[in-house]
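Chemist: Sending over structure.pdb (PDB, C-alpha atoms, pLDDT in the B column).
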ATOM      1  CA  MET A   1      93.554 105.526  62.005  1.00 75.00           C
ATOM      2  CA  VAL A   2      93.444 103.769  65.384  1.00 91.00           C
ATOM      3  CA  LYS A   3      92.419 100.196  66.169  1.00 94.00           C
ATOM      4  CA  TYR A   4      90.043  99.984  69.124  1.00 96.00           C
ATOM      5  CA  PHE A   5      89.560  96.915  71.291  1.00 96.00           C
ATOM      6  CA  CYS A   6      87.031  96.332  74.079  1.00 96.00           C
ATOM      7  CA  ASN A   7      86.339  93.269  76.177  1.00 95.00           C
ATOM      8  CA  ASN A   8      84.260  92.543  79.301  1.00 96.00           C
ATOM      9  CA  THR A   9      85.076  89.667  81.635  1.00 95.00           C
ATOM     10  CA  ASP A  10      83.691  88.392  84.929  1.00 96.00           C
ATOM     11  CA  VAL A  11      86.444  87.392  87.342  1.00 96.00           C
ATOM     12  CA  ARG A  12      85.032  84.764  89.703  1.00 93.00           C
ATOM     13  CA  SER A  13      86.470  86.173  92.903  1.00 95.00           C
ATOM     14  CA  THR A  14      85.806  88.963  95.389  1.00 95.00           C
ATOM     15  CA  TRP A  15      87.095  92.420  94.561  1.00 96.00           C
ATOM     16  CA  ASP A  16      89.421  92.595  97.583  1.00 95.00           C
ATOM     17  CA  LEU A  17      91.068  89.339  96.572  1.00 96.00           C
ATOM     18  CA  VAL A  18      91.348  90.394  92.929  1.00 96.00           C
ATOM     19  CA  VAL A  19      93.099  93.639  93.911  1.00 96.00           C
ATOM     20  CA  SER A  20      95.495  91.719  96.161  1.00 96.00           C
ATOM     21  CA  ALA A  21      96.243  89.289  93.329  1.00 96.00           C
ATOM     22  CA  PHE A  22      96.763  92.174  90.896  1.00 96.00           C
ATOM     23  CA  TRP A  23      99.815  93.343  92.849  1.00 94.00           C
ATOM     24  CA  GLN A  24     101.197  89.809  93.088  1.00 94.00           C
ATOM     25  CA  ARG A  25     100.604  88.499  89.572  1.00 92.00           C
ATOM     26  CA  TYR A  26     104.286  88.713  88.510  1.00 93.00           C
ATOM     27  CA  PRO A  27     106.183  86.536  88.071  1.00 91.00           C
ATOM     28  CA  ASN A  28     103.914  83.794  86.780  1.00 93.00           C
ATOM     29  CA  PRO A  29     104.377  81.031  84.186  1.00 93.00           C
ATOM     30  CA  PHE A  30     101.939  82.673  81.756  1.00 92.00           C
ATOM     31  CA  SER A  31     103.706  86.055  81.559  1.00 90.00           C
ATOM     32  CA  THR A  32     107.350  85.169  81.018  1.00 89.00           C
ATOM     33  CA  HIS A  33     107.580  88.119  78.586  1.00 87.00           C
ATOM     34  CA  VAL A  34     107.356  90.470  81.605  1.00 91.00           C
ATOM     35  CA  LEU A  35     110.978  90.847  82.694  1.00 91.00           C
ATOM     36  CA  THR A  36     110.897  93.477  85.458  1.00 94.00           C
ATOM     37  CA  GLU A  37     108.474  95.638  87.447  1.00 95.00           C
ATOM     38  CA  ASP A  38     109.335  98.613  89.644  1.00 96.00           C
ATOM     39  CA  VAL A  39     107.179 100.985  91.682  1.00 96.00           C
ATOM     40  CA  VAL A  40     108.378 104.525  90.912  1.00 97.00           C
ATOM     41  CA  TYR A  41     105.657 106.446  92.748  1.00 97.00           C
ATOM     42  CA  ARG A  42     102.917 105.800  95.298  1.00 97.00           C
ATOM     43  CA  GLU A  43     100.537 108.074  97.153  1.00 97.00           C
ATOM     44  CA  VAL A  44      97.410 107.768  99.298  1.00 97.00           C
ATOM     45  CA  THR A  45      95.080 110.707  98.711  1.00 97.00           C
ATOM     46  CA  ALA A  46      92.962 112.490 101.316  1.00 96.00           C
ATOM     47  CA  ASP A  47      89.928 110.447 100.214  1.00 95.00           C
ATOM     48  CA  ASN A  48      91.898 107.188 100.720  1.00 95.00           C
ATOM     49  CA  ARG A  49      92.504 106.405  97.058  1.00 97.00           C
ATOM     50  CA  LEU A  50      95.805 104.673  96.337  1.00 97.00           C
ATOM     51  CA  LEU A  51      97.682 106.084  93.335  1.00 98.00           C
ATOM     52  CA  SER A  52     100.612 104.122  91.941  1.00 98.00           C
ATOM     53  CA  ARG A  53     102.950 104.344  88.989  1.00 98.00           C
ATOM     54  CA  ARG A  54     104.985 101.349  87.942  1.00 97.00           C
ATOM     55  CA  LEU A  55     107.581 100.799  85.236  1.00 97.00           C
ATOM     56  CA  LEU A  56     107.547  97.400  83.541  1.00 97.00           C
ATOM     57  CA  MET A  57     109.944  95.980  80.980  1.00 94.00           C
ATOM     58  CA  LYS A  58     108.677  93.363  78.538  1.00 91.00           C
ATOM     59  CA  THR A  59     110.141  91.523  75.580  1.00 86.00           C
ATOM     60  CA  ASN A  60     108.867  92.592  72.177  1.00 71.00           C
ATOM     61  CA  ARG A  61     109.079  90.055  69.377  1.00 69.00           C
ATOM     62  CA  LEU A  62     108.691  91.567  65.927  1.00 65.00           C
ATOM     63  CA  PRO A  63     106.715  89.732  63.235  1.00 63.00           C
ATOM     64  CA  ARG A  64     108.854  88.104  60.537  1.00 67.00           C
ATOM     65  CA  TRP A  65     107.881  90.610  57.877  1.00 63.00           C
ATOM     66  CA  ALA A  66     108.923  93.484  60.167  1.00 63.00           C
ATOM     67  CA  GLU A  67     112.371  92.003  60.793  1.00 62.00           C
ATOM     68  CA  HIS A  68     113.226  92.666  57.129  1.00 62.00           C
ATOM     69  CA  ILE A  69     112.209  96.325  57.440  1.00 61.00           C
ATOM     70  CA  PHE A  70     113.664  97.462  60.730  1.00 61.00           C
ATOM     71  CA  PRO A  71     117.332  97.392  61.762  1.00 57.00           C
ATOM     72  CA  SER A  72     118.563  94.150  63.303  1.00 58.00           C
ATOM     73  CA  GLY A  73     119.929  96.091  66.272  1.00 56.00           C
ATOM     74  CA  ILE A  74     116.543  97.487  67.314  1.00 59.00           C
ATOM     75  CA  SER A  75     115.778  96.819  70.972  1.00 61.00           C
ATOM     76  CA  ARG A  76     113.447  93.899  71.617  1.00 74.00           C
ATOM     77  CA  SER A  77     112.496  95.310  75.015  1.00 85.00           C
ATOM     78  CA  VAL A  78     109.526  97.573  75.594  1.00 90.00           C
ATOM     79  CA  TYR A  79     109.179  99.876  78.585  1.00 94.00           C
ATOM     80  CA  ILE A  80     105.622 100.220  79.867  1.00 96.00           C
ATOM     81  CA  ILE A  81     104.198 102.803  82.258  1.00 98.00           C
ATOM     82  CA  GLU A  82     101.296 101.616  84.385  1.00 98.00           C
ATOM     83  CA  ASP A  83      99.261 104.151  86.370  1.00 98.00           C
ATOM     84  CA  SER A  84      96.663 102.746  88.735  1.00 98.00           C
ATOM     85  CA  ILE A  85      93.960 104.097  91.020  1.00 98.00           C
ATOM     86  CA  VAL A  86      92.529 101.950  93.796  1.00 98.00           C
ATOM     87  CA  ASP A  87      89.265 103.371  95.140  1.00 98.00           C
ATOM     88  CA  PRO A  88      88.222 101.318  98.211  1.00 96.00           C
ATOM     89  CA  VAL A  89      85.064 103.403  98.745  1.00 95.00           C
ATOM     90  CA  ASN A  90      83.619 102.767  95.278  1.00 96.00           C
ATOM     91  CA  ARG A  91      85.476  99.455  95.159  1.00 96.00           C
ATOM     92  CA  SER A  92      87.164  99.929  91.822  1.00 98.00           C
ATOM     93  CA  LEU A  93      90.673  99.509  90.464  1.00 98.00           C
ATOM     94  CA  THR A  94      91.472 101.462  87.300  1.00 98.00           C
ATOM     95  CA  THR A  95      94.725 101.027  85.402  1.00 98.00           C
ATOM     96  CA  TYR A  96      96.200 102.957  82.476  1.00 98.00           C
ATOM     97  CA  THR A  97      99.189 101.591  80.551  1.00 98.00           C
ATOM     98  CA  TRP A  98     101.165 102.793  77.532  1.00 97.00           C
ATOM     99  CA  ASN A  99     104.555 102.080  75.964  1.00 95.00           C
ATOM    100  CA  LEU A 100     107.418 104.546  76.249  1.00 95.00           C
ATOM    101  CA  ASN A 101     109.600 103.354  73.377  1.00 90.00           C
ATOM    102  CA  HIS A 102     108.931 102.051  69.849  1.00 85.00           C
ATOM    103  CA  THR A 103     106.005 104.486  69.703  1.00 90.00           C
ATOM    104  CA  THR A 104     106.594 105.258  66.023  1.00 86.00           C
ATOM    105  CA  LEU A 105     106.384 101.568  65.191  1.00 86.00           C
ATOM    106  CA  MET A 106     103.349 100.989  67.407  1.00 90.00           C
ATOM    107  CA  SER A 107     101.680 102.773  70.294  1.00 95.00           C
ATOM    108  CA  VAL A 108      99.345 100.818  72.587  1.00 96.00           C
ATOM    109  CA  GLU A 109      97.276 102.543  75.258  1.00 97.00           C
ATOM    110  CA  GLU A 110      95.142 100.390  77.514  1.00 98.00           C
ATOM    111  CA  ARG A 111      92.603 101.054  80.250  1.00 98.00           C
ATOM    112  CA  CYS A 112      91.275  98.376  82.603  1.00 98.00           C
ATOM    113  CA  VAL A 113      88.573  98.797  85.240  1.00 98.00           C
ATOM    114  CA  PHE A 114      88.085  96.139  87.909  1.00 98.00           C
ATOM    115  CA  GLN A 115      84.714  96.898  89.504  1.00 98.00           C
ATOM    116  CA  ASP A 116      82.948  95.210  92.402  1.00 96.00           C
ATOM    117  CA  THR A 117      79.353  94.252  91.686  1.00 90.00           C
ATOM    118  CA  VAL A 118      76.420  93.725  94.045  1.00 87.00           C
ATOM    119  CA  GLU A 119      74.395  91.960  91.356  1.00 88.00           C
ATOM    120  CA  GLN A 120      76.872  89.051  91.264  1.00 89.00           C
ATOM    121  CA  PRO A 121      78.326  88.252  94.700  1.00 88.00           C
ATOM    122  CA  ALA A 122      81.975  87.134  94.768  1.00 92.00           C
ATOM    123  CA  THR A 123      82.424  88.392  91.204  1.00 95.00           C
ATOM    124  CA  THR A 124      84.552  91.269  89.903  1.00 97.00           C
ATOM    125  CA  GLN A 125      83.726  92.832  86.551  1.00 97.00           C
ATOM    126  CA  LEU A 126      86.687  93.658  84.324  1.00 97.00           C
ATOM    127  CA  LYS A 127      86.350  96.036  81.379  1.00 97.00           C
ATOM    128  CA  ARG A 128      89.420  96.251  79.166  1.00 97.00           C
ATOM    129  CA  GLU A 129      89.834  98.872  76.416  1.00 97.00           C
ATOM    130  CA  ALA A 130      92.822  99.441  74.151  1.00 97.00           C
ATOM    131  CA  TRP A 131      93.834 101.841  71.372  1.00 97.00           C
ATOM    132  CA  ILE A 132      96.509 100.735  68.897  1.00 96.00           C
ATOM    133  CA  SER A 133      98.169 103.096  66.416  1.00 96.00           C
ATOM    134  CA  SER A 134     101.208 103.189  64.157  1.00 92.00           C
ATOM    135  CA  SER A 135     103.036 106.004  62.369  1.00 91.00           C
ATOM    136  CA  VAL A 136     104.928 103.834  59.865  1.00 87.00           C
ATOM    137  CA  TYR A 137     103.894 105.097  56.448  1.00 87.00           C
ATOM    138  CA  GLY A 138     102.538 102.356  54.221  1.00 86.00           C
ATOM    139  CA  PHE A 139     102.619  99.704  56.957  1.00 84.00           C
ATOM    140  CA  SER A 140     100.389 101.178  59.660  1.00 90.00           C
ATOM    141  CA  ARG A 141      97.441  98.885  58.903  1.00 91.00           C
ATOM    142  CA  PRO A 142      99.311  95.527  59.096  1.00 88.00           C
ATOM    143  CA  ILE A 143     101.204  96.753  62.167  1.00 87.00           C
ATOM    144  CA  GLN A 144      97.928  97.644  63.897  1.00 93.00           C
ATOM    145  CA  GLU A 145      96.449  94.260  62.944  1.00 92.00           C
ATOM    146  CA  PHE A 146      99.520  92.544  64.374  1.00 89.00           C
ATOM    147  CA  GLY A 147      99.242  94.665  67.525  1.00 91.00           C
ATOM    148  CA  LEU A 148      95.589  93.744  67.931  1.00 93.00           C
ATOM    149  CA  ALA A 149      96.322  90.026  67.535  1.00 92.00           C
ATOM    150  CA  ARG A 150      99.153  90.248  70.064  1.00 89.00           C
ATOM    151  CA  LEU A 151      96.936  92.187  72.469  1.00 92.00           C
ATOM    152  CA  LYS A 152      94.269  89.470  72.333  1.00 92.00           C
ATOM    153  CA  SER A 153      96.902  86.780  72.918  1.00 89.00           C
ATOM    154  CA  ASN A 154      98.448  88.677  75.819  1.00 88.00           C
ATOM    155  CA  GLN A 155      95.012  89.272  77.308  1.00 90.00           C
ATOM    156  CA  VAL A 156      94.490  85.513  77.600  1.00 92.00           C
ATOM    157  CA  LYS A 157      97.908  85.154  79.241  1.00 91.00           C
ATOM    158  CA  SER A 158      97.169  88.088  81.551  1.00 93.00           C
ATOM    159  CA  MET A 159      93.929  86.495  82.767  1.00 94.00           C
ATOM    160  CA  LYS A 160      95.676  83.169  83.344  1.00 94.00           C
ATOM    161  CA  GLY A 161      98.374  84.997  85.287  1.00 94.00           C
ATOM    162  CA  LEU A 162      95.755  86.722  87.438  1.00 95.00           C
ATOM    163  CA  GLU A 163      94.005  83.402  88.068  1.00 94.00           C
ATOM    164  CA  TYR A 164      97.390  81.916  88.995  1.00 94.00           C
ATOM    165  CA  ALA A 165      97.944  84.691  91.565  1.00 95.00           C
ATOM    166  CA  LEU A 166      94.403  84.236  92.880  1.00 95.00           C
ATOM    167  CA  SER A 167      94.943  80.502  93.339  1.00 93.00           C
ATOM    168  CA  ASN A 168      98.138  81.225  95.278  1.00 92.00           C
ATOM    169  CA  LEU A 169      96.211  83.519  97.602  1.00 90.00           C
ATOM    170  CA  GLN A 170      93.454  81.010  98.312  1.00 80.00           C
ATOM    171  CA  GLY A 171      95.558  79.112 100.829  1.00 69.00           C
ATOM    172  CA  GLU A 172      96.697  82.230 102.693  1.00 55.00           C
ATOM    173  CA  ALA A 173      95.082  83.794 105.744  1.00 44.00           C
ATOM    174  CA  PRO A 174      91.986  85.941 105.049  1.00 48.00           C
ATOM    175  CA  GLN A 175      92.907  89.301 103.552  1.00 52.00           C
ATOM    176  CA  ARG A 176      92.355  92.452 105.572  1.00 56.00           C
ATOM    177  CA  PRO A 177      89.700  94.763 104.099  1.00 57.00           C
ATOM    178  CA  LEU A 178      91.421  96.923 101.501  1.00 56.00           C
ATOM    179  CA  ARG A 179      90.019 100.116 103.033  1.00 57.00           C
ATOM    180  CA  ASP A 180      91.873  99.364 106.302  1.00 61.00           C
ATOM    181  CA  SER A 181      95.102  98.647 104.434  1.00 54.00           C
ATOM    182  CA  VAL A 182      94.873 101.935 102.535  1.00 55.00           C
ATOM    183  CA  LYS A 183      94.214 103.847 105.765  1.00 59.00           C
ATOM    184  CA  ASP A 184      97.298 102.280 107.334  1.00 61.00           C
ATOM    185  CA  ALA A 185      99.316 103.274 104.275  1.00 56.00           C
ATOM    186  CA  ALA A 186      98.026 106.817 104.615  1.00 58.00           C
ATOM    187  CA  LYS A 187      99.223 106.981 108.229  1.00 62.00           C
ATOM    188  CA  SER A 188     102.666 105.728 107.216  1.00 55.00           C
ATOM    189  CA  LEU A 189     102.954 108.293 104.438  1.00 56.00           C
ATOM    190  CA  ALA A 190     101.808 111.089 106.731  1.00 57.00           C
ATOM    191  CA  SER A 191     104.646 110.293 109.134  1.00 56.00           C
ATOM    192  CA  ALA A 192     107.289 110.382 106.408  1.00 49.00           C
ATOM    193  CA  ALA A 193     109.615 113.356 106.506  1.00 44.00           C
ATOM    194  CA  ALA A 194     109.332 114.136 102.809  1.00 49.00           C
ATOM    195  CA  ALA A 195     107.144 112.892  99.993  1.00 47.00           C
ATOM    196  CA  PRO A 196     108.361 112.291  96.416  1.00 48.00           C
ATOM    197  CA  GLN A 197     107.311 114.719  93.740  1.00 48.00           C
ATOM    198  CA  LYS A 198     103.953 113.827  92.256  1.00 45.00           C
ATOM    199  CA  PRO A 199     104.270 112.704  88.610  1.00 45.00           C
ATOM    200  CA  GLN A 200     102.095 114.049  85.850  1.00 49.00           C
ATOM    201  CA  GLN A 201      98.843 112.126  85.828  1.00 52.00           C
ATOM    202  CA  TYR A 202      97.894 110.237  82.708  1.00 50.00           C
ATOM    203  CA  ILE A 203      94.195 110.965  83.202  1.00 47.00           C
TER
END
Could the structure of this file be written out as structure tokens, please?
Modeler:
Amino acid sequence: MVKYFCNNTDVRSTWDLVVSAFWQRYPNPFSTHVLTEDVVYREVTADNRLLSRRLLMKTNRLPRWAEHIFPSGISRSVYIIEDSIVDPVNRSLTTYTWNLNHTTLMSVEERCVFQDTVEQPATTQLKREAWISSSVYGFSRPIQEFGLARLKSNQVKSMKGLEYALSNLQGEAPQRPLRDSVKDAAKSLASAAAAPQKPQQYI
């Protein structure tokens, strides 16, 4: 059995600014549980899409009832893979995230799509979906319920963190169109002597 979560939100800002804020949202006072973030792969495709893979480390507080079940020495850190696709032509940013460790206890896979919209100027539509599962026999249901509650709480913090990054960008000089930035990145990558090996795609 898998718990499914879906939420739609309107971000009151232009898509270009939202994408810029997405890359600058850590650190922020609403996401102190995010300890580190590292880019492990980046590529600009022939059709100017930007593919990235990042590794994030977050703290992972167990519920009280789980602390009596699992060993006291279990790591409280969770390693998260985040794959993202920026499509400046269709003006969308799609992210896929999933945890690398503690997958027996709980596995959380999440997909977010930030989409520009012509119907609502200066607004970016965000669709967030998540799938929560657990393989702990006899406790999978309460673990999934706990995971869902934590996901909803973290979603609120994530939005506040994004709004924090957006507010920081408001006072900066106007952002260059994302399509131009991606094209410049493509030129830089083309001039590199060697490219890193492409990781296995999540999608």
Chemist: Tell me which of A:Tyr79, A:Leu166, A:Gly147, A:Ser158 sits closest to A:Leu100, counting only C-alpha atoms.
Modeler: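 For A:Leu100, the nearest of the candidates is A:Tyr79.
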Chemist: Between A:Val2, A:Ala122, A:Val11, A:Thr97, which residue has the minimum interatomic distance to A:Lys160, considering all atoms listed in the file?
Modeler: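 Looking only at the distances to A:Lys160, the closest residue turns out to be A:Val11.
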Chemist: When distances are computed from all atoms listed in the file, which of A:Ile85, A:Leu56, A:Leu51, A:Leu105 shows the smallest separation from A:Ser134?
Modeler: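 Closest to A:Ser134, using all atoms listed in the file: A:Leu105.
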Chemist: Selection in question (the file shown): the PyMOL selection byres ((chain A and resi 116) around 7). Which residues does it include, as a PyMOL selection string?
Modeler: chain A and resi 15+91-92+114-115+117-118+123-125
Chemist: Determine the residue membership of the PyMOL selection byres ((chain A and resi 127) around 9) for the file above and supply it as a list of chain:residue names.
Modeler: A:Cys6, A:Asn7, A:Asn8, A:Thr9, A:Asp10, A:Arg111, A:Cys112, A:Val113, A:Phe114, A:Gln115, A:Gln125, A:Leu126, A:Arg128, A:Glu129
Chemist: Quick check on the file I pasted: which residues fall under the PyMOL selection byres ((chain A and resi 132) around 6)? Write them as a list in words.
Modeler: Val2, Lys3, Ser107, Val108, Trp131 and Ser133 of chain A
Chemist: Find the distance between atom CA of A:His33 and atom CA of A:Thr59 and write it in Å to one decimal.
Modeler: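 Computing it gives 5.2 Å between the two atoms.
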